[in-house]
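Coordinates as given in my_file16.cif (mmCIF, C-alpha atoms):
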```
data_run
loop_
_atom_site.label_atom_id
_atom_site.label_comp_id
_atom_site.auth_asym_id
_atom_site.auth_seq_id
_atom_site.Cartn_x
_atom_site.Cartn_y
_atom_site.Cartn_z
CA MET A 1 -63.49 -26.07 107.35
CA THR A 2 -62.86 -29.74 108.27
CA GLN A 3 -59.63 -30.28 110.17
CA THR A 4 -57.22 -32.93 108.89
CA PHE A 5 -56.37 -35.79 111.26
CA LYS A 6 -52.62 -36.44 111.52
CA ILE A 7 -50.85 -39.74 112.20
CA TYR A 8 -47.09 -39.83 112.80
CA LEU A 9 -45.21 -43.06 112.09
CA TYR A 10 -41.82 -41.94 113.42
CA ASP A 11 -39.26 -44.49 114.62
CA THR A 12 -38.34 -44.35 118.29
CA GLU A 13 -35.42 -45.94 120.16
CA THR A 14 -37.46 -49.10 120.64
CA ASP A 15 -40.19 -49.05 117.97
CA CYS A 16 -40.28 -49.35 114.16
CA ILE A 17 -42.91 -50.53 111.65
CA GLY A 18 -44.79 -53.35 113.41
CA SER A 19 -44.32 -52.31 117.05
CA GLY A 20 -45.51 -49.64 119.50
CA THR A 21 -46.99 -46.53 117.85
CA LEU A 22 -45.95 -47.84 114.42
CA SER A 23 -47.94 -51.08 114.53
CA SER A 24 -51.00 -51.90 112.42
CA ALA A 25 -53.08 -52.17 115.61
CA TYR A 26 -52.10 -48.61 116.63
CA VAL A 27 -52.86 -47.24 113.16
CA GLN A 28 -56.27 -48.92 113.27
CA THR A 29 -57.20 -47.14 116.52
CA GLN A 30 -56.01 -43.81 115.02
CA LEU A 31 -58.18 -44.28 111.95
CA GLN A 32 -61.17 -45.04 114.14
CA GLN A 33 -60.62 -41.73 115.94
CA ALA A 34 -60.34 -39.93 112.60
CA ALA A 35 -63.87 -41.14 111.85
CA GLY A 36 -63.77 -40.51 108.12
CA ALA A 37 -61.98 -37.15 108.22
CA ASP A 38 -59.07 -36.57 105.86
CA VAL A 39 -55.86 -38.10 107.19
CA ASP A 40 -52.22 -37.04 106.80
CA VAL A 41 -49.77 -39.85 107.55
CA HIS A 42 -46.22 -38.61 108.22
CA ILE A 43 -43.50 -41.24 107.88
CA SER A 44 -39.90 -41.28 109.09
CA SER A 45 -38.83 -44.89 109.48
CA VAL A 46 -36.08 -47.35 108.56
CA GLY A 47 -38.72 -50.08 108.09
CA GLY A 48 -39.60 -53.15 110.08
CA SER A 49 -42.16 -55.91 109.63
CA ALA A 50 -43.26 -56.46 106.03
CA PHE A 51 -46.48 -58.07 107.25
CA ASP A 52 -47.42 -55.10 109.44
CA ALA A 53 -46.53 -52.77 106.57
CA ILE A 54 -48.95 -54.62 104.27
CA ALA A 55 -51.62 -54.54 107.01
CA ILE A 56 -51.19 -50.75 107.46
CA TYR A 57 -51.27 -50.35 103.67
CA ASP A 58 -54.61 -52.19 103.53
CA LEU A 59 -56.06 -50.14 106.41
CA LEU A 60 -55.17 -46.86 104.71
CA LYS A 61 -56.41 -48.00 101.31
CA LYS A 62 -59.78 -49.05 102.76
CA TYR A 63 -60.20 -45.87 104.80
CA PRO A 64 -63.22 -43.86 103.53
CA GLY A 65 -61.58 -40.44 103.89
CA ASN A 66 -58.80 -38.95 101.80
CA VAL A 67 -55.33 -40.19 102.80
CA THR A 68 -52.13 -38.27 102.06
CA THR A 69 -48.83 -39.88 103.03
CA TYR A 70 -45.73 -37.74 103.64
CA VAL A 71 -42.17 -39.05 103.52
CA ASP A 72 -40.62 -36.57 105.95
CA ALA A 73 -37.09 -37.96 106.19
CA LEU A 74 -36.89 -41.63 105.28
CA ALA A 75 -39.24 -44.34 104.14
CA ALA A 76 -37.06 -47.43 103.85
CA SER A 77 -37.92 -51.08 103.46
CA ALA A 78 -41.35 -51.77 105.00
CA ALA A 79 -41.96 -48.04 105.56
CA SER A 80 -41.85 -47.50 101.78
CA VAL A 81 -44.79 -49.87 101.45
CA VAL A 82 -46.85 -47.80 103.91
CA ALA A 83 -45.99 -44.65 101.93
CA MET A 84 -47.54 -46.12 98.77
CA ALA A 85 -51.00 -46.19 100.44
CA GLY A 86 -51.67 -42.47 100.06
CA ASN A 87 -54.08 -41.07 97.50
CA GLN A 88 -51.31 -38.51 97.22
CA VAL A 89 -47.71 -39.37 98.15
CA VAL A 90 -45.66 -36.32 99.06
CA MET A 91 -41.92 -36.46 99.69
CA SER A 92 -39.65 -33.86 101.25
CA LYS A 93 -36.96 -32.64 98.87
CA TYR A 94 -34.41 -33.78 101.47
CA ALA A 95 -35.92 -37.23 102.14
CA LEU A 96 -34.96 -40.67 100.83
CA LEU A 97 -37.00 -43.67 99.71
CA MET A 98 -35.49 -47.18 99.74
CA ILE A 99 -36.81 -50.53 98.50
CA HIS A 100 -35.10 -53.92 98.75
CA LYS A 101 -35.70 -57.68 98.96
CA PRO A 102 -37.48 -58.88 102.12
CA MET A 103 -35.29 -60.58 104.70
CA VAL A 104 -35.76 -63.06 107.52
CA GLY A 105 -33.48 -64.08 110.38
CA SER A 106 -33.90 -67.79 111.03
CA GLY A 107 -32.05 -71.03 111.23
CA GLY A 108 -32.74 -74.70 110.85
CA ASN A 109 -32.34 -77.54 108.42
CA ALA A 110 -32.48 -77.38 104.63
CA ASP A 111 -36.23 -77.99 104.49
CA GLU A 112 -36.93 -75.17 106.94
CA LEU A 113 -34.62 -72.80 105.04
CA LEU A 114 -36.33 -73.74 101.75
CA LYS A 115 -39.68 -72.83 103.27
CA ASP A 116 -38.23 -69.43 104.25
CA VAL A 117 -37.05 -68.90 100.66
CA GLN A 118 -40.52 -69.70 99.33
CA MET A 119 -42.11 -67.37 101.89
CA LEU A 120 -39.68 -64.51 101.03
CA ASN A 121 -40.37 -64.93 97.31
CA ALA A 122 -44.12 -64.77 97.98
CA VAL A 123 -43.69 -61.64 100.13
CA GLN A 124 -41.55 -59.99 97.45
CA SER A 125 -44.20 -60.68 94.83
CA ARG A 126 -46.78 -58.88 97.05
CA LEU A 127 -44.47 -55.94 97.71
CA ALA A 128 -43.70 -55.73 93.99
CA GLN A 129 -47.41 -55.66 93.22
CA ILE A 130 -47.91 -52.69 95.60
CA TYR A 131 -45.08 -50.77 93.93
CA THR A 132 -46.43 -51.70 90.47
CA ASP A 133 -49.95 -50.52 91.33
CA LYS A 134 -48.52 -47.16 92.38
CA THR A 135 -45.98 -46.58 89.58
CA ASN A 136 -47.47 -48.53 86.65
CA LEU A 137 -43.96 -49.82 85.96
CA ASP A 138 -43.65 -53.35 84.59
CA ASP A 139 -42.80 -56.35 86.83
CA ILE A 140 -39.29 -56.75 85.46
CA THR A 141 -38.37 -53.11 86.22
CA ILE A 142 -39.87 -53.21 89.72
CA ASN A 143 -38.15 -56.47 90.66
CA SER A 144 -34.89 -55.17 89.26
CA LEU A 145 -35.16 -52.13 91.55
CA ILE A 146 -36.02 -54.37 94.51
CA ASN A 147 -33.16 -56.79 93.87
CA SER A 148 -30.66 -53.93 93.51
CA VAL A 149 -31.52 -52.32 96.89
CA THR A 150 -32.50 -48.98 95.34
CA TRP A 151 -32.16 -45.68 97.20
CA MET A 152 -34.12 -42.84 95.63
CA THR A 153 -34.00 -39.10 96.12
CA ALA A 154 -37.22 -37.12 95.82
CA ASP A 155 -36.50 -36.23 92.20
CA GLN A 156 -35.77 -39.85 91.28
CA ALA A 157 -38.86 -41.12 93.10
CA LEU A 158 -40.97 -38.55 91.27
CA ASP A 159 -39.50 -39.56 87.89
CA LEU A 160 -40.32 -43.22 88.59
CA HIS A 161 -43.83 -42.27 89.87
CA PHE A 162 -43.31 -43.66 93.37
CA ILE A 163 -44.48 -40.27 94.64
CA ASP A 164 -46.83 -37.57 93.31
CA ARG A 165 -45.30 -34.37 94.61
CA ILE A 166 -42.16 -32.93 96.21
CA ASP A 167 -42.36 -30.64 99.22
CA ASP A 168 -39.46 -28.25 98.73
CA TYR A 169 -40.30 -25.62 101.38
CA THR A 170 -39.34 -22.85 98.95
CA PRO A 171 -40.60 -19.38 99.93
CA ALA A 172 -43.42 -18.02 97.81
CA ILE A 173 -42.15 -16.55 94.57
CA THR A 174 -43.13 -12.89 94.40
CA ASN A 175 -43.28 -10.60 91.41
CA THR A 176 -40.26 -8.72 92.68
CA THR A 177 -38.25 -11.92 92.98
CA ILE A 178 -38.95 -12.75 89.33
CA ILE A 179 -37.96 -9.25 88.23
CA LYS A 180 -34.70 -9.43 90.18
CA GLN A 181 -33.82 -12.71 88.50
CA TYR A 182 -34.14 -11.07 85.09
CA THR A 183 -32.40 -7.83 86.04
CA SER A 184 -29.55 -9.23 88.15
CA ASN A 185 -27.15 -9.04 85.20
CA ALA A 186 -28.40 -5.69 83.91
CA PRO A 187 -26.21 -2.57 84.07
CA ALA A 188 -26.19 -0.89 87.47
CA VAL A 189 -28.03 2.18 86.22
CA TYR A 190 -31.02 0.06 85.15
CA GLN A 191 -31.02 -1.85 88.44
CA ARG A 192 -31.07 1.40 90.40
CA CYS A 193 -33.94 2.68 88.28
CA ILE A 194 -36.04 -0.44 88.82
CA ASN A 195 -35.26 -0.61 92.55
CA LYS A 196 -36.21 3.03 92.97
CA ILE A 197 -39.59 2.40 91.38
CA LEU A 198 -40.33 -0.88 93.16
CA ILE A 199 -39.09 0.11 96.63
CA LYS A 200 -40.09 3.50 97.98
CA ASN A 201 -38.42 2.78 101.31
CA GLN A 202 -36.75 -0.04 103.21
CA LYS A 203 -39.91 -0.80 105.20
CA GLN A 204 -42.05 -1.46 102.12
CA THR A 205 -42.89 -5.11 101.52
CA MET A 206 -41.41 -6.70 98.43
CA ASN A 207 -44.46 -8.82 97.64
CA ILE A 208 -46.47 -6.14 95.83
CA GLN A 209 -49.78 -6.81 94.15
CA ASN A 210 -49.97 -7.59 90.45
CA LYS A 211 -51.91 -4.42 89.57
CA ASP A 212 -49.35 -2.18 91.24
CA LEU A 213 -46.54 -4.11 89.60
CA ILE A 214 -48.10 -3.74 86.16
CA ASP A 215 -48.59 -0.01 86.64
CA LYS A 216 -45.05 0.53 87.86
CA THR A 217 -43.54 -1.73 85.22
CA SER A 218 -45.44 0.23 82.57
CA THR A 219 -43.87 3.40 83.93
CA VAL A 220 -40.42 1.87 83.58
CA LEU A 221 -41.15 0.76 80.04
CA ASP A 222 -42.48 4.22 79.15
CA LYS A 223 -39.26 5.79 80.39
CA LEU A 224 -37.18 3.32 78.41
CA MET A 225 -39.24 3.97 75.29
CA ASN A 226 -38.80 7.73 75.72
CA PHE A 227 -35.06 7.19 76.07
CA PHE A 228 -34.90 5.29 72.80
CA LYS A 229 -37.07 7.93 71.17
CA LYS A 230 -34.46 10.49 72.10
CA VAL A 231 -31.71 8.34 70.63
CA ILE A 232 -33.38 8.18 67.22
CA ASN A 233 -34.98 11.62 67.50
CA LYS A 234 -35.02 13.79 64.40
CA GLN A 235 -36.11 17.38 64.02
CA THR A 236 -37.59 19.33 61.15
CA ILE A 237 -37.35 23.13 61.18
CA THR A 238 -40.59 24.92 60.31
CA ASP A 239 -41.91 28.48 60.39
CA LYS A 240 -43.42 27.76 63.81
CA GLY A 241 -40.37 26.15 65.35
CA ALA A 242 -38.88 22.68 65.34
CA LEU A 243 -40.97 19.53 65.05
CA HIS A 244 -39.38 16.47 66.71
CA HIS A 245 -40.09 13.01 65.36
CA SER A 246 -38.56 9.58 64.73
CA GLY A 247 -38.07 8.22 61.23
CA GLU A 248 -39.12 10.02 58.09
CA LEU A 249 -41.65 12.83 58.26
CA ASP A 250 -44.56 11.27 56.38
CA ALA A 251 -48.29 10.99 56.89
CA ASP A 252 -49.25 9.44 60.27
CA THR A 253 -45.83 10.31 61.75
CA GLU A 254 -46.09 11.42 65.38
CA VAL A 255 -44.60 14.88 65.90
CA TYR A 256 -43.71 16.66 69.13
CA GLU A 257 -42.78 20.20 70.07
CA ASP A 258 -40.13 19.17 72.65
CA GLU A 259 -36.91 17.14 72.45
CA ASP A 260 -38.18 14.66 75.06
CA MET A 261 -41.00 13.84 72.64
CA GLU A 262 -43.63 14.07 75.36
CA MET A 263 -45.67 17.10 74.21
CA PRO A 264 -47.55 16.50 70.93
CA ALA A 265 -47.29 19.33 68.44
CA PRO A 266 -50.34 21.64 68.36
CA ASP A 267 -52.86 21.31 65.55
CA ASP A 268 -51.73 23.67 62.79
CA THR A 269 -50.20 23.95 59.34
CA TYR A 270 -46.41 24.08 59.33
CA THR A 271 -44.10 25.11 56.48
CA THR A 272 -40.64 23.59 56.30
CA ALA A 273 -37.48 25.30 55.06
CA ASP A 274 -37.83 23.57 51.69
CA GLY A 275 -41.42 24.81 51.25
CA LYS A 276 -43.34 21.68 52.22
CA GLN A 277 -46.57 22.15 54.14
CA LEU A 278 -47.43 19.81 56.97
CA THR A 279 -50.96 19.54 58.32
CA VAL A 280 -50.79 18.34 61.95
CA LYS A 281 -53.78 17.11 63.93
CA SER A 282 -53.86 15.26 67.26
CA GLY A 283 -50.07 15.09 67.33
CA LYS A 284 -49.82 13.34 63.94
CA VAL A 285 -49.03 14.53 60.44
CA GLN A 286 -52.28 14.28 58.48
CA LYS A 287 -51.00 15.54 55.16
CA VAL A 288 -47.70 16.49 53.53
CA SER A 289 -48.00 18.93 50.61
CA PRO A 290 -44.82 19.23 48.52
CA CYS A 291 -43.64 22.61 47.31
CA ASP A 292 -44.57 23.54 43.71
CA PRO A 293 -41.50 24.96 41.92
CA ASP A 294 -43.59 25.84 38.85
CA ALA A 295 -46.11 27.91 40.78
CA GLU A 296 -44.65 31.22 39.54
CA ASP A 297 -44.85 30.10 35.90
CA ASP A 298 -48.57 29.44 36.11
CA ASP A 299 -49.62 33.05 36.77
CA ASP A 300 -50.88 33.56 33.19
CA ASP A 301 -53.38 30.72 33.52
CA ILE A 302 -54.99 32.10 36.66
CA PRO A 303 -58.24 34.09 36.18
CA THR A 304 -57.92 37.77 36.98
CA ASP A 305 -60.59 37.68 39.70
CA LYS A 306 -58.64 34.96 41.53
CA LEU A 307 -55.15 36.34 40.93
CA LYS A 308 -55.25 38.63 43.93
CA SER A 309 -56.21 35.92 46.42
CA PHE A 310 -53.76 33.43 44.86
CA LYS A 311 -50.83 35.81 45.05
CA ALA A 312 -51.65 36.56 48.67
CA LYS A 313 -51.57 32.83 49.44
CA GLU A 314 -48.31 32.40 47.52
CA VAL A 315 -46.69 35.28 49.39
CA LYS A 316 -47.85 33.83 52.68
CA ASN A 317 -46.26 30.48 51.80
CA GLN A 318 -43.03 32.13 50.77
CA VAL A 319 -42.93 34.11 54.02
CA ALA A 320 -43.45 30.92 55.99
CA ALA A 321 -40.63 29.21 54.11
CA ILE A 322 -38.34 32.19 54.75
CA LYS A 323 -39.20 32.04 58.45
CA ALA A 324 -38.28 28.37 58.50
CA LYS A 325 -34.94 29.12 56.83
CA LEU A 326 -34.26 31.90 59.33
CA TYR A 327 -35.07 29.53 62.15
CA ALA A 328 -32.60 27.02 60.73
CA GLN A 329 -29.94 29.70 60.37
CA ASN A 330 -30.49 30.82 63.95
CA ALA A 331 -30.07 27.24 65.13
CA LEU A 332 -26.84 27.01 63.14
CA LEU A 333 -25.62 30.31 64.59
CA ALA A 334 -26.37 29.10 68.11
CA GLU A 335 -24.33 25.98 67.47
CA ALA A 336 -21.50 28.04 65.97
CA ARG A 337 -21.58 30.35 68.99
CA THR A 338 -21.23 27.38 71.33
CA ALA A 339 -18.34 26.03 69.26
CA LEU A 340 -16.58 29.42 69.39
CA GLU A 341 -16.99 29.60 73.15
CA THR A 342 -15.44 26.16 73.47
CA ALA A 343 -12.60 27.21 71.17
CA ASN A 344 -11.94 30.37 73.17
CA ALA A 345 -11.86 28.37 76.38
CA ARG A 346 -9.28 26.03 74.88
CA LEU A 347 -7.18 28.90 73.56
CA LYS A 348 -7.04 30.36 77.05
CA GLN A 349 -5.60 27.15 78.47
CA THR A 350 -2.06 27.44 79.78
CA ARG A 351 0.77 25.37 78.44
CA ASP A 352 0.72 23.18 81.56
CA GLU A 353 -3.02 22.59 81.25
CA VAL A 354 -2.61 21.49 77.64
CA LYS A 355 0.26 19.15 78.60
CA ASN A 356 -1.78 17.61 81.40
CA GLU A 357 -4.76 17.13 79.08
CA ILE A 358 -2.63 15.36 76.47
CA LYS A 359 -0.92 13.26 79.11
CA SER A 360 -4.22 12.12 80.65
CA THR A 361 -5.88 11.18 77.35
CA PHE A 362 -2.96 9.80 75.34
CA THR A 363 -2.71 6.03 75.01
CA PRO A 364 0.54 4.69 73.51
CA GLU A 365 0.20 2.77 70.27
CA GLY A 366 0.17 -0.98 70.91
CA SER A 367 -1.46 -0.55 74.34
CA ARG A 368 -3.90 -3.22 75.46
CA ARG A 369 -6.57 -0.58 75.79
CA SER A 370 -6.27 0.77 72.28
CA ASN A 371 -4.16 0.56 69.17
CA LYS A 372 -4.47 4.28 68.43
CA GLY A 373 -3.32 7.39 70.20
CA LYS A 374 -6.01 9.63 71.69
CA ALA A 375 -4.11 12.85 72.04
CA GLU A 376 -6.56 15.20 70.31
CA HIS A 377 -10.25 16.08 70.46
CA GLU A 378 -12.46 16.35 67.43
CA PRO A 379 -11.94 19.70 65.62
CA PHE A 380 -14.02 22.27 67.46
CA PHE A 381 -15.16 23.84 64.18
CA ALA A 382 -16.68 20.63 62.75
CA PRO A 383 -20.52 20.80 62.52
CA GLN A 384 -21.98 18.15 64.81
CA THR A 385 -25.67 17.89 63.91
CA THR A 386 -27.26 16.81 60.64
CA LEU A 387 -28.89 20.23 60.34
CA ALA A 388 -25.53 22.01 60.65
CA GLN A 389 -23.79 19.64 58.25
CA ASN A 390 -26.48 20.13 55.61
CA ALA A 391 -26.33 23.89 56.06
CA VAL A 392 -22.56 23.91 55.55
CA LYS A 393 -22.86 21.71 52.45
CA LYS A 394 -25.50 24.05 51.02
CA ALA A 395 -23.39 27.14 51.76
CA VAL A 396 -20.37 25.62 50.02
CA LYS A 397 -22.51 24.61 47.04
CA ASP A 398 -24.08 28.07 46.73
CA SER A 399 -20.69 29.80 46.87
CA LYS A 400 -19.40 28.00 43.78
#
```
Would you give me this structure, written as structure tokens?
Amino acid sequence: MTQTFKIYLYDTETDCIGSGTLSSAYVQTQLQQAAGADVDVHISSVGGSAFDAIAIYDLLKKYPGNVTTYVDALAASAASVVAMAGNQVVMSKYALLMIHKPMVGSGGNADELLKDVQMLNAVQSRLAQIYTDKTNLDDITINSLINSVTWMTADQALDLHFIDRIDDYTPAITNTTIIKQYTSNAPAVYQRCINKILIKNQKQTMNIQNKDLIDKTSTVLDKLMNFFKKVINKQTITDKGALHHSGELDADTEVYEDEDMEMPAPDDTYTTADGKQLTVKSGKVQKVSPCDPDAEDDDDDIPTDKLKSFKAKEVKNQVAAIKAKLYAQNALLAEARTALETANARLKQTRDEVKNEIKSTFTPEGSRRSNKGKAEHEPFFAPQTTLAQNAVKKAVKDSK
């Protein structure tokens, strides 16, 4: 790999553009030593001789190798002209660039002063041409900037095309940094979850590889998806236990045998409490067969040789439906048993315990926290699940 040759045009206590190690003669000797290799020219100068600046500009432009100029702190006046010579002009985010009208310190009679004015106008036209060649701005805009003594930050210089790039010294952005930006306002529980997955211990580096990040992020997303599945989880009671699913139980619905919805239901035929038959394969419902309420009325139309096998199938279906109903009733009884245990526990509370409970949960009406009192729990005997509520409704309906 070819090494880049570096030239530093930094002001000293005695030297600026045009003298010492910042003169065109010095730059020429440096370029001869570079011998065609790529050159980085670092500039930090308040300016100096406009003529030397133009000479250095020409030397850099004619150099056969690639030239990159860096504005490290300040490129003012003549130094800004040198900066324009780079094939790429890079400016520190903290640096400044300044352009202004050329000046001369002289004295003499009116004729001599007039000659100085003509010379300064000619120099300004050359400086303006250098800035125009770099920025592609029109002459009026460039001369307006020169006449106004314009100081530019890196962002402003980039917007006006005086430079090509800003060196901002920002640390490399890692995947973890991006994730933290998006999760910084998330609830604490999510932040802890993500941090636990991304950081196994304090010594682990934060700049993990993309593949690992994708795998671990997928794990997080899977956990979140499972969480939302639980939120919208529904269950259907069958003769072989409960089937858990989201949405309506139709063809192509995914069904699971556990509440976490992680274990697909085994391949089989399931009968629901209302007599429907579900054919499950590969964790999905393949077919839903509705119950036939008129099946018993069709016995006369069935051939005698097939009656025996048909009745056996019908009995089997009825047994499966009864099993499903029993399963549902057992689930309801289990819920009722839990409710009774809770009720007994509350009945055993002492008077003081009840007072303390009311005192700790009651919020006066008109409070900033709530406009309703919260002195009582929900009735312990109220059915909580959809299954229990439907069972109670059916029991009330059947009793009438």
List as a PyMOL selection string the protein and nucleic acid residues near Met84 (chain A), meaning an atom at most 8 Å away when only C-alpha atoms are counted, but skip any in the same chain fewer than 6 places from it. chain A and resi 57+69+130-131+134+162-163
Using the chain letters and residue numbers of this document, give as a ChimeraX atom specification the residues selected by the PyMOL selection byres ((chain A and resi 101) around 8). /A:99-100,102-103,124,146-147,149
Could you spell out the hits of the PyMOL selection byres ((chain A and resi 4) around 6) on the shown file, as a list in words?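 Applied to this file, the PyMOL selection byres ((chain A and resi 4) around 6) returns Gln3, Phe5, Asp38 and Val39 of chain A.
With only C-alpha atoms as the basis for measurement, A:Asp52 is the residue among A:Arg165, A:Asp52, A:Leu96, A:Asp268 that approaches Gly20 (chain A) most closely.
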Distance query Thr135 (chain A) at most 12 Å, all atoms listed in the file, self and fewer than 4 positions along chain excluded, as a VMD selection string: chain A and resid 84 to 85 89 128 to 131 139 141 to 142 157 to 164
